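Text of data_0.cif (mmCIF, N, CA and C atoms) as supplied:
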data_start
#
loop_
_atom_site.label_atom_id
_atom_site.label_comp_id
_atom_site.auth_asym_id
_atom_site.auth_seq_id
_atom_site.Cartn_x
_atom_site.Cartn_y
_atom_site.Cartn_z
N MET X 51 -2.39 -15.42 5.32
CA MET X 51 -3.35 -15.14 4.32
C MET X 51 -4.54 -14.37 4.90
N GLU X 52 -4.74 -14.50 6.18
CA GLU X 52 -5.87 -13.82 6.83
C GLU X 52 -5.81 -12.32 6.60
N SER X 53 -4.59 -11.76 6.57
CA SER X 53 -4.47 -10.32 6.41
C SER X 53 -4.93 -9.84 5.04
N ALA X 54 -5.01 -10.71 4.05
CA ALA X 54 -5.48 -10.33 2.71
C ALA X 54 -6.96 -10.60 2.52
N ARG X 55 -7.60 -11.19 3.51
CA ARG X 55 -9.00 -11.61 3.35
C ARG X 55 -9.92 -10.45 2.94
N GLN X 56 -9.83 -9.30 3.60
CA GLN X 56 -10.73 -8.18 3.29
C GLN X 56 -10.56 -7.76 1.84
N GLU X 57 -9.34 -7.62 1.38
CA GLU X 57 -9.09 -7.22 -0.01
C GLU X 57 -9.63 -8.26 -0.98
N LEU X 58 -9.41 -9.53 -0.70
CA LEU X 58 -9.88 -10.58 -1.60
C LEU X 58 -11.41 -10.64 -1.63
N GLU X 59 -12.05 -10.49 -0.48
CA GLU X 59 -13.51 -10.51 -0.44
C GLU X 59 -14.08 -9.31 -1.19
N PHE X 60 -13.42 -8.16 -1.09
CA PHE X 60 -13.86 -6.95 -1.77
C PHE X 60 -13.83 -7.16 -3.28
N GLN X 61 -12.90 -7.96 -3.78
CA GLN X 61 -12.71 -8.14 -5.21
C GLN X 61 -13.13 -9.53 -5.66
N ALA X 62 -14.08 -10.14 -5.03
CA ALA X 62 -14.46 -11.51 -5.35
C ALA X 62 -14.83 -11.70 -6.81
N GLY X 63 -15.35 -10.68 -7.48
CA GLY X 63 -15.75 -10.80 -8.88
C GLY X 63 -14.60 -10.82 -9.86
N LYS X 64 -13.37 -10.63 -9.40
CA LYS X 64 -12.24 -10.57 -10.32
C LYS X 64 -11.82 -11.93 -10.86
N PHE X 65 -12.27 -13.02 -10.27
CA PHE X 65 -11.81 -14.34 -10.67
C PHE X 65 -12.51 -14.78 -11.95
N LEU X 66 -11.86 -14.54 -13.07
CA LEU X 66 -12.38 -14.83 -14.40
C LEU X 66 -11.64 -16.02 -14.99
N PRO X 67 -12.16 -16.58 -16.08
CA PRO X 67 -11.49 -17.76 -16.67
C PRO X 67 -10.02 -17.55 -17.03
N ASP X 68 -9.63 -16.34 -17.50
CA ASP X 68 -8.23 -16.09 -17.88
C ASP X 68 -7.38 -15.62 -16.71
N PHE X 69 -7.90 -15.67 -15.51
CA PHE X 69 -7.20 -15.20 -14.33
C PHE X 69 -6.28 -16.31 -13.84
N HIS X 70 -4.96 -16.06 -13.85
CA HIS X 70 -3.97 -17.06 -13.46
C HIS X 70 -3.58 -16.83 -12.01
N VAL X 71 -3.77 -17.81 -11.14
CA VAL X 71 -3.44 -17.69 -9.72
C VAL X 71 -2.47 -18.82 -9.36
N TYR X 72 -1.38 -18.46 -8.68
CA TYR X 72 -0.36 -19.43 -8.29
C TYR X 72 -0.01 -19.28 -6.82
N MET X 73 0.02 -20.39 -6.13
CA MET X 73 0.31 -20.42 -4.70
C MET X 73 1.75 -20.92 -4.52
N LEU X 74 2.49 -20.29 -3.63
CA LEU X 74 3.83 -20.72 -3.27
C LEU X 74 3.76 -21.37 -1.90
N GLU X 75 4.29 -22.58 -1.81
CA GLU X 75 4.27 -23.31 -0.54
C GLU X 75 5.68 -23.67 -0.11
N GLU X 76 5.85 -23.77 1.20
CA GLU X 76 7.09 -24.27 1.79
C GLU X 76 6.71 -25.47 2.65
N GLN X 77 7.16 -26.65 2.25
CA GLN X 77 6.85 -27.89 2.96
C GLN X 77 5.34 -28.05 3.18
N GLY X 78 4.57 -27.75 2.11
CA GLY X 78 3.13 -27.91 2.16
C GLY X 78 2.35 -26.79 2.83
N VAL X 79 3.04 -25.77 3.31
CA VAL X 79 2.39 -24.64 3.97
C VAL X 79 2.40 -23.44 3.02
N PRO X 80 1.22 -22.86 2.72
CA PRO X 80 1.19 -21.68 1.85
C PRO X 80 1.95 -20.51 2.48
N VAL X 81 2.84 -19.90 1.68
CA VAL X 81 3.58 -18.73 2.17
C VAL X 81 3.26 -17.49 1.35
N GLY X 82 2.65 -17.67 0.18
CA GLY X 82 2.30 -16.52 -0.63
C GLY X 82 1.61 -16.94 -1.91
N PHE X 83 1.18 -15.94 -2.67
CA PHE X 83 0.55 -16.22 -3.95
C PHE X 83 0.72 -15.02 -4.86
N CYS X 84 0.54 -15.27 -6.15
CA CYS X 84 0.51 -14.20 -7.13
C CYS X 84 -0.58 -14.51 -8.14
N SER X 85 -1.01 -13.47 -8.84
CA SER X 85 -2.03 -13.66 -9.86
C SER X 85 -1.83 -12.69 -11.01
N LEU X 86 -2.16 -13.16 -12.19
CA LEU X 86 -2.09 -12.35 -13.40
C LEU X 86 -3.44 -12.37 -14.08
N ILE X 87 -3.83 -11.22 -14.63
CA ILE X 87 -5.06 -11.16 -15.40
C ILE X 87 -4.79 -10.33 -16.66
N PRO X 88 -5.11 -10.89 -17.82
CA PRO X 88 -4.89 -10.15 -19.08
C PRO X 88 -5.76 -8.89 -19.13
N ILE X 89 -5.16 -7.80 -19.61
CA ILE X 89 -5.88 -6.55 -19.81
C ILE X 89 -6.28 -6.45 -21.29
N ASP X 90 -5.32 -6.71 -22.16
CA ASP X 90 -5.55 -6.75 -23.60
C ASP X 90 -4.50 -7.67 -24.19
N GLY X 91 -4.33 -7.68 -25.49
CA GLY X 91 -3.41 -8.62 -26.13
C GLY X 91 -1.95 -8.41 -25.80
N SER X 92 -1.58 -7.22 -25.33
CA SER X 92 -0.16 -6.95 -25.03
C SER X 92 0.12 -6.69 -23.56
N THR X 93 -0.90 -6.43 -22.76
CA THR X 93 -0.71 -6.03 -21.36
C THR X 93 -1.39 -7.02 -20.41
N VAL X 94 -0.66 -7.36 -19.37
CA VAL X 94 -1.19 -8.22 -18.32
C VAL X 94 -1.01 -7.48 -16.99
N GLU X 95 -1.94 -7.68 -16.09
CA GLU X 95 -1.86 -7.06 -14.77
C GLU X 95 -1.39 -8.08 -13.73
N LEU X 96 -0.35 -7.71 -12.99
CA LEU X 96 0.01 -8.47 -11.80
C LEU X 96 -0.99 -7.99 -10.74
N HIS X 97 -2.07 -8.75 -10.60
CA HIS X 97 -3.17 -8.30 -9.76
C HIS X 97 -2.85 -8.49 -8.28
N ASP X 98 -2.14 -9.54 -7.97
CA ASP X 98 -1.77 -9.81 -6.58
C ASP X 98 -0.35 -10.37 -6.55
N LEU X 99 0.38 -9.98 -5.55
CA LEU X 99 1.62 -10.64 -5.15
C LEU X 99 1.66 -10.46 -3.65
N PHE X 100 1.37 -11.52 -2.95
CA PHE X 100 1.22 -11.44 -1.50
C PHE X 100 2.09 -12.50 -0.83
N ILE X 101 2.82 -12.07 0.19
CA ILE X 101 3.61 -12.98 1.02
C ILE X 101 3.08 -12.86 2.45
N GLU X 102 2.81 -14.01 3.05
CA GLU X 102 2.39 -14.02 4.45
C GLU X 102 3.45 -13.28 5.27
N PRO X 103 3.04 -12.32 6.12
CA PRO X 103 4.02 -11.49 6.84
C PRO X 103 5.13 -12.27 7.54
N LEU X 104 4.86 -13.43 8.10
CA LEU X 104 5.92 -14.20 8.77
C LEU X 104 7.02 -14.65 7.81
N HIS X 105 6.73 -14.63 6.51
CA HIS X 105 7.68 -15.13 5.52
C HIS X 105 8.32 -14.02 4.68
N ILE X 106 8.02 -12.77 5.00
CA ILE X 106 8.62 -11.64 4.28
C ILE X 106 10.11 -11.59 4.61
N GLY X 107 10.91 -11.26 3.61
CA GLY X 107 12.36 -11.13 3.80
C GLY X 107 13.13 -12.41 3.55
N LYS X 108 12.47 -13.45 3.06
CA LYS X 108 13.12 -14.73 2.81
C LYS X 108 13.29 -15.03 1.32
N GLY X 109 13.00 -14.04 0.47
CA GLY X 109 13.17 -14.23 -0.97
C GLY X 109 11.94 -14.74 -1.70
N TYR X 110 10.85 -14.96 -0.99
CA TYR X 110 9.65 -15.49 -1.64
C TYR X 110 9.00 -14.47 -2.58
N GLY X 111 9.04 -13.21 -2.21
CA GLY X 111 8.48 -12.18 -3.08
C GLY X 111 9.20 -12.12 -4.41
N LYS X 112 10.53 -12.19 -4.37
CA LYS X 112 11.34 -12.20 -5.60
C LYS X 112 11.04 -13.45 -6.41
N GLU X 113 10.89 -14.58 -5.74
CA GLU X 113 10.58 -15.83 -6.43
C GLU X 113 9.23 -15.73 -7.15
N LEU X 114 8.22 -15.20 -6.48
CA LEU X 114 6.92 -15.04 -7.13
C LEU X 114 6.97 -14.00 -8.24
N TRP X 115 7.70 -12.91 -8.03
CA TRP X 115 7.86 -11.89 -9.08
C TRP X 115 8.47 -12.52 -10.33
N ASP X 116 9.58 -13.23 -10.15
CA ASP X 116 10.25 -13.86 -11.30
C ASP X 116 9.32 -14.85 -12.00
N TYR X 117 8.56 -15.61 -11.23
CA TYR X 117 7.63 -16.56 -11.81
C TYR X 117 6.58 -15.83 -12.64
N ALA X 118 5.99 -14.77 -12.08
CA ALA X 118 4.95 -14.02 -12.78
C ALA X 118 5.48 -13.38 -14.05
N VAL X 119 6.67 -12.79 -13.98
CA VAL X 119 7.27 -12.15 -15.16
C VAL X 119 7.54 -13.18 -16.25
N ASN X 120 8.12 -14.30 -15.89
CA ASN X 120 8.41 -15.34 -16.88
C ASN X 120 7.14 -15.93 -17.47
N LEU X 121 6.11 -16.11 -16.66
CA LEU X 121 4.84 -16.61 -17.15
C LEU X 121 4.23 -15.60 -18.12
N ALA X 122 4.22 -14.32 -17.75
CA ALA X 122 3.66 -13.29 -18.62
C ALA X 122 4.39 -13.25 -19.97
N ARG X 123 5.71 -13.33 -19.93
CA ARG X 123 6.48 -13.39 -21.19
C ARG X 123 6.08 -14.62 -22.00
N GLY X 124 6.01 -15.76 -21.33
CA GLY X 124 5.66 -17.00 -22.00
C GLY X 124 4.27 -16.98 -22.61
N LEU X 125 3.38 -16.20 -22.03
CA LEU X 125 2.02 -16.07 -22.56
C LEU X 125 1.95 -15.04 -23.69
N GLY X 126 3.08 -14.38 -23.97
CA GLY X 126 3.15 -13.46 -25.10
C GLY X 126 2.87 -12.00 -24.80
N PHE X 127 2.83 -11.64 -23.53
CA PHE X 127 2.58 -10.24 -23.19
C PHE X 127 3.87 -9.44 -23.27
N SER X 128 3.75 -8.14 -23.58
CA SER X 128 4.93 -7.27 -23.66
C SER X 128 5.02 -6.28 -22.52
N LYS X 129 3.93 -6.13 -21.76
CA LYS X 129 3.93 -5.16 -20.65
C LYS X 129 3.15 -5.73 -19.48
N LEU X 130 3.68 -5.51 -18.28
CA LEU X 130 3.03 -5.91 -17.04
C LEU X 130 2.74 -4.64 -16.25
N VAL X 131 1.51 -4.48 -15.77
CA VAL X 131 1.15 -3.34 -14.93
C VAL X 131 0.69 -3.87 -13.57
N LEU X 132 0.79 -3.02 -12.56
CA LEU X 132 0.36 -3.42 -11.23
C LEU X 132 0.02 -2.20 -10.41
N THR X 133 -0.84 -2.40 -9.44
CA THR X 133 -1.15 -1.39 -8.44
C THR X 133 -0.52 -1.88 -7.15
N ALA X 134 0.45 -1.13 -6.65
CA ALA X 134 1.24 -1.57 -5.49
C ALA X 134 0.67 -1.04 -4.19
N ASP X 135 0.88 -1.79 -3.14
CA ASP X 135 0.73 -1.26 -1.80
C ASP X 135 1.88 -0.25 -1.64
N PRO X 136 1.64 0.92 -1.06
CA PRO X 136 2.73 1.89 -0.91
C PRO X 136 3.96 1.32 -0.22
N ASN X 137 3.77 0.38 0.71
CA ASN X 137 4.90 -0.22 1.41
C ASN X 137 5.69 -1.17 0.52
N ALA X 138 5.12 -1.60 -0.60
CA ALA X 138 5.80 -2.54 -1.51
C ALA X 138 6.36 -1.85 -2.74
N GLU X 139 6.15 -0.56 -2.88
CA GLU X 139 6.62 0.15 -4.08
C GLU X 139 8.13 0.00 -4.28
N ALA X 140 8.90 0.10 -3.22
CA ALA X 140 10.36 -0.03 -3.33
C ALA X 140 10.75 -1.42 -3.83
N PHE X 141 10.05 -2.45 -3.38
CA PHE X 141 10.32 -3.82 -3.86
C PHE X 141 10.14 -3.88 -5.37
N TYR X 142 9.01 -3.39 -5.87
CA TYR X 142 8.75 -3.44 -7.31
C TYR X 142 9.75 -2.59 -8.09
N ALA X 143 10.13 -1.44 -7.53
CA ALA X 143 11.13 -0.60 -8.19
C ALA X 143 12.47 -1.33 -8.30
N ARG X 144 12.85 -2.09 -7.26
CA ARG X 144 14.10 -2.88 -7.33
C ARG X 144 14.03 -3.95 -8.42
N GLN X 145 12.83 -4.39 -8.75
CA GLN X 145 12.67 -5.41 -9.80
C GLN X 145 12.69 -4.77 -11.19
N GLY X 146 12.62 -3.44 -11.24
CA GLY X 146 12.66 -2.74 -12.52
C GLY X 146 11.35 -2.09 -12.93
N ALA X 147 10.30 -2.21 -12.12
CA ALA X 147 9.03 -1.55 -12.42
C ALA X 147 9.16 -0.06 -12.13
N VAL X 148 8.45 0.76 -12.92
CA VAL X 148 8.50 2.20 -12.72
C VAL X 148 7.09 2.72 -12.44
N ARG X 149 7.03 3.72 -11.60
CA ARG X 149 5.74 4.34 -11.24
C ARG X 149 5.25 5.18 -12.41
N ILE X 150 4.00 4.96 -12.81
CA ILE X 150 3.42 5.72 -13.92
C ILE X 150 2.20 6.52 -13.48
N GLY X 151 1.82 6.40 -12.23
CA GLY X 151 0.66 7.13 -11.72
C GLY X 151 0.26 6.61 -10.36
N GLU X 152 -0.95 6.97 -9.94
CA GLU X 152 -1.49 6.47 -8.69
C GLU X 152 -3.01 6.51 -8.76
N LYS X 153 -3.64 5.76 -7.86
CA LYS X 153 -5.10 5.77 -7.76
C LYS X 153 -5.49 5.64 -6.30
N ALA X 154 -6.72 6.01 -6.02
CA ALA X 154 -7.23 5.93 -4.65
C ALA X 154 -7.49 4.48 -4.28
N SER X 155 -7.19 4.12 -3.05
CA SER X 155 -7.46 2.79 -2.53
C SER X 155 -8.97 2.57 -2.46
N PRO X 156 -9.45 1.40 -2.95
CA PRO X 156 -10.88 1.13 -2.84
C PRO X 156 -11.30 0.72 -1.42
N VAL X 157 -10.33 0.43 -0.57
CA VAL X 157 -10.62 -0.06 0.78
C VAL X 157 -10.33 0.99 1.85
N HIS X 158 -9.25 1.76 1.68
CA HIS X 158 -8.81 2.72 2.70
C HIS X 158 -8.96 4.15 2.17
N SER X 159 -9.91 4.88 2.67
CA SER X 159 -10.17 6.25 2.25
C SER X 159 -8.94 7.13 2.46
N GLY X 160 -8.61 7.93 1.47
CA GLY X 160 -7.49 8.86 1.57
C GLY X 160 -6.13 8.25 1.29
N ARG X 161 -6.07 6.97 0.95
CA ARG X 161 -4.79 6.31 0.70
C ARG X 161 -4.56 6.19 -0.81
N ALA X 162 -3.41 6.66 -1.28
CA ALA X 162 -3.05 6.58 -2.70
C ALA X 162 -2.21 5.33 -2.95
N LEU X 163 -2.54 4.61 -4.01
CA LEU X 163 -1.80 3.40 -4.39
C LEU X 163 -1.00 3.66 -5.66
N PRO X 164 0.31 3.39 -5.65
CA PRO X 164 1.11 3.58 -6.85
C PRO X 164 0.71 2.62 -7.97
N ILE X 165 0.62 3.14 -9.19
CA ILE X 165 0.43 2.32 -10.37
C ILE X 165 1.80 2.21 -11.03
N MET X 166 2.23 0.96 -11.31
CA MET X 166 3.57 0.73 -11.83
C MET X 166 3.51 -0.10 -13.10
N GLU X 167 4.60 0.00 -13.88
CA GLU X 167 4.68 -0.70 -15.15
C GLU X 167 6.04 -1.37 -15.29
N TYR X 168 6.04 -2.54 -15.91
CA TYR X 168 7.28 -3.27 -16.16
C TYR X 168 7.21 -3.77 -17.60
N ILE X 169 8.22 -3.41 -18.39
CA ILE X 169 8.27 -3.83 -19.80
C ILE X 169 8.88 -5.23 -19.84
N LEU X 170 8.17 -6.14 -20.50
CA LEU X 170 8.57 -7.55 -20.53
C LEU X 170 9.50 -7.89 -21.69
N ILE X 171 9.55 -7.05 -22.71
CA ILE X 171 10.43 -7.31 -23.85
C ILE X 171 11.55 -6.28 -23.85
N SER X 172 12.70 -6.69 -24.38
CA SER X 172 13.82 -5.74 -24.39
C SER X 172 14.06 -5.17 -25.76
#

What is this structure when it is put down as structure tokens?
Amino acid sequence: MESARQELEFQAGKFLPDFHVYMLEEQGVPVGFCSLIPIDGSTVELHDLFIEPLHIGKGYGKELWDYAVNLARGLGFSKLVLTADPNAEAFYARQGAVRIGEKASPVHSGRALPIMEYILIS
């Protein structure tokens, strides 16, 4: 989790009452987390999906993705949007998210972050 500290401190004001945060643990040890924040009545943002680097490749990212998607559907949203780390874009694409644009990183000058969308209803 230490590797996400700078990003989380930079965005400390994002924690609002409707902000849903879920921690994934393995035998009581945190291995990752995800968060959702409503944008409007139909769209929710997957604001974070983070897996501790030692636990990448063990299926935890997929587990958190599935949890977030099912929660968003259960809350009545029809679309999920996210801003991906460029290294995670392929993961989100495998889940069915599509790139709809990009934006500049607020932390790393000159770095473009993919903006992706996933439709929750069929």

Rank X:Pro164, X:Glu113, X:Pro156, X:His97 by their smallest atom-to-atom distance to X:Glu139, using only N, CA and C atoms, and report the top residue only.
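The answer is X:Pro164, which sits nearest to X:Glu139.
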
For X:Tyr168, work out the shell of residues within 6 Å, counting all atoms listed in the file and skipping chain neighbours fewer than 5 positions away, then give it as a PyMOL selection string.
chain X and resi 128-131+146-148

Please write the residues picked by the PyMOL selection byres ((chain X and resi 75-86) around 7) on this file as a list in words.
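With the shown file as input, the PyMOL selection byres ((chain X and resi 75-86) around 7) matches Asp68, Phe69, His70, Val71, Tyr72, Met73, Leu74, Ile87, Pro88, Val94, Glu95, Leu96, His97, Asp98, Leu99, Phe100, Ile101, Glu102, His105 and Leu114 of chain X.
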
Export N, CA and C atoms of the chosen residues as a short mmCIF file (atom, residue, chain, number, x, y, z; two decimals), in the coordinates of the input?
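out.cif written:
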data_model
loop_
_atom_site.label_atom_id
_atom_site.label_comp_id
_atom_site.auth_asym_id
_atom_site.auth_seq_id
_atom_site.Cartn_x
_atom_site.Cartn_y
_atom_site.Cartn_z
N ASP X 68 -9.63 -16.34 -17.50
CA ASP X 68 -8.23 -16.09 -17.88
C ASP X 68 -7.38 -15.62 -16.71
N PHE X 69 -7.90 -15.67 -15.51
CA PHE X 69 -7.20 -15.20 -14.33
C PHE X 69 -6.28 -16.31 -13.84
N HIS X 70 -4.96 -16.06 -13.85
CA HIS X 70 -3.97 -17.06 -13.46
C HIS X 70 -3.58 -16.83 -12.01
N VAL X 71 -3.77 -17.81 -11.14
CA VAL X 71 -3.44 -17.69 -9.72
C VAL X 71 -2.47 -18.82 -9.36
N TYR X 72 -1.38 -18.46 -8.68
CA TYR X 72 -0.36 -19.43 -8.29
C TYR X 72 -0.01 -19.28 -6.82
N MET X 73 0.02 -20.39 -6.13
CA MET X 73 0.31 -20.42 -4.70
C MET X 73 1.75 -20.92 -4.52
N LEU X 74 2.49 -20.29 -3.63
CA LEU X 74 3.83 -20.72 -3.27
C LEU X 74 3.76 -21.37 -1.90
N ILE X 87 -3.83 -11.22 -14.63
CA ILE X 87 -5.06 -11.16 -15.40
C ILE X 87 -4.79 -10.33 -16.66
N PRO X 88 -5.11 -10.89 -17.82
CA PRO X 88 -4.89 -10.15 -19.08
C PRO X 88 -5.76 -8.89 -19.13
N VAL X 94 -0.66 -7.36 -19.37
CA VAL X 94 -1.19 -8.22 -18.32
C VAL X 94 -1.01 -7.48 -16.99
N GLU X 95 -1.94 -7.68 -16.09
CA GLU X 95 -1.86 -7.06 -14.77
C GLU X 95 -1.39 -8.08 -13.73
N LEU X 96 -0.35 -7.71 -12.99
CA LEU X 96 0.01 -8.47 -11.80
C LEU X 96 -0.99 -7.99 -10.74
N HIS X 97 -2.07 -8.75 -10.60
CA HIS X 97 -3.17 -8.30 -9.76
C HIS X 97 -2.85 -8.49 -8.28
N ASP X 98 -2.14 -9.54 -7.97
CA ASP X 98 -1.77 -9.81 -6.58
C ASP X 98 -0.35 -10.37 -6.55
N LEU X 99 0.38 -9.98 -5.55
CA LEU X 99 1.62 -10.64 -5.15
C LEU X 99 1.66 -10.46 -3.65
N PHE X 100 1.37 -11.52 -2.95
CA PHE X 100 1.22 -11.44 -1.50
C PHE X 100 2.09 -12.50 -0.83
N ILE X 101 2.82 -12.07 0.19
CA ILE X 101 3.61 -12.98 1.02
C ILE X 101 3.08 -12.86 2.45
N GLU X 102 2.81 -14.01 3.05
CA GLU X 102 2.39 -14.02 4.45
C GLU X 102 3.45 -13.28 5.27
N HIS X 105 6.73 -14.63 6.51
CA HIS X 105 7.68 -15.13 5.52
C HIS X 105 8.32 -14.02 4.68
N LEU X 114 8.22 -15.20 -6.48
CA LEU X 114 6.92 -15.04 -7.13
C LEU X 114 6.97 -14.00 -8.24
#

Computed interatomic separation between atom CA of X:Arg161 and atom C of X:Pro103 (Å):
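Result for atom CA of X:Arg161 versus atom C of X:Pro103: 22.1 Å, one decimal.
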
Of the candidates X:Pro136, X:Gly91, X:Gly126, X:Gly111, which one gets nearest to X:Leu163 if we count all atoms listed in the file?
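Going through X:Pro136, X:Gly91, X:Gly126, X:Gly111 one by one, the smallest distance to X:Leu163 is for X:Pro136.
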
Chain X: residues DSSP assigns to strand (DSSP E or B), reported as a PyMOL selection string:
chain X and resi 70-76+79-88+93-101+129-133+148-154+162-169

Might you pull out every residue within 6.5 Å of X:Ala162, with only N, CA and C atoms counted and same-chain residues fewer than 3 positions away left off, and present them as a PyMOL selection string?
chain X and resi 136+152-155

Calculate how many Å separate atom CA of X:Val119 from atom C of X:Val157, rounding to one decimal.
27.8 Å
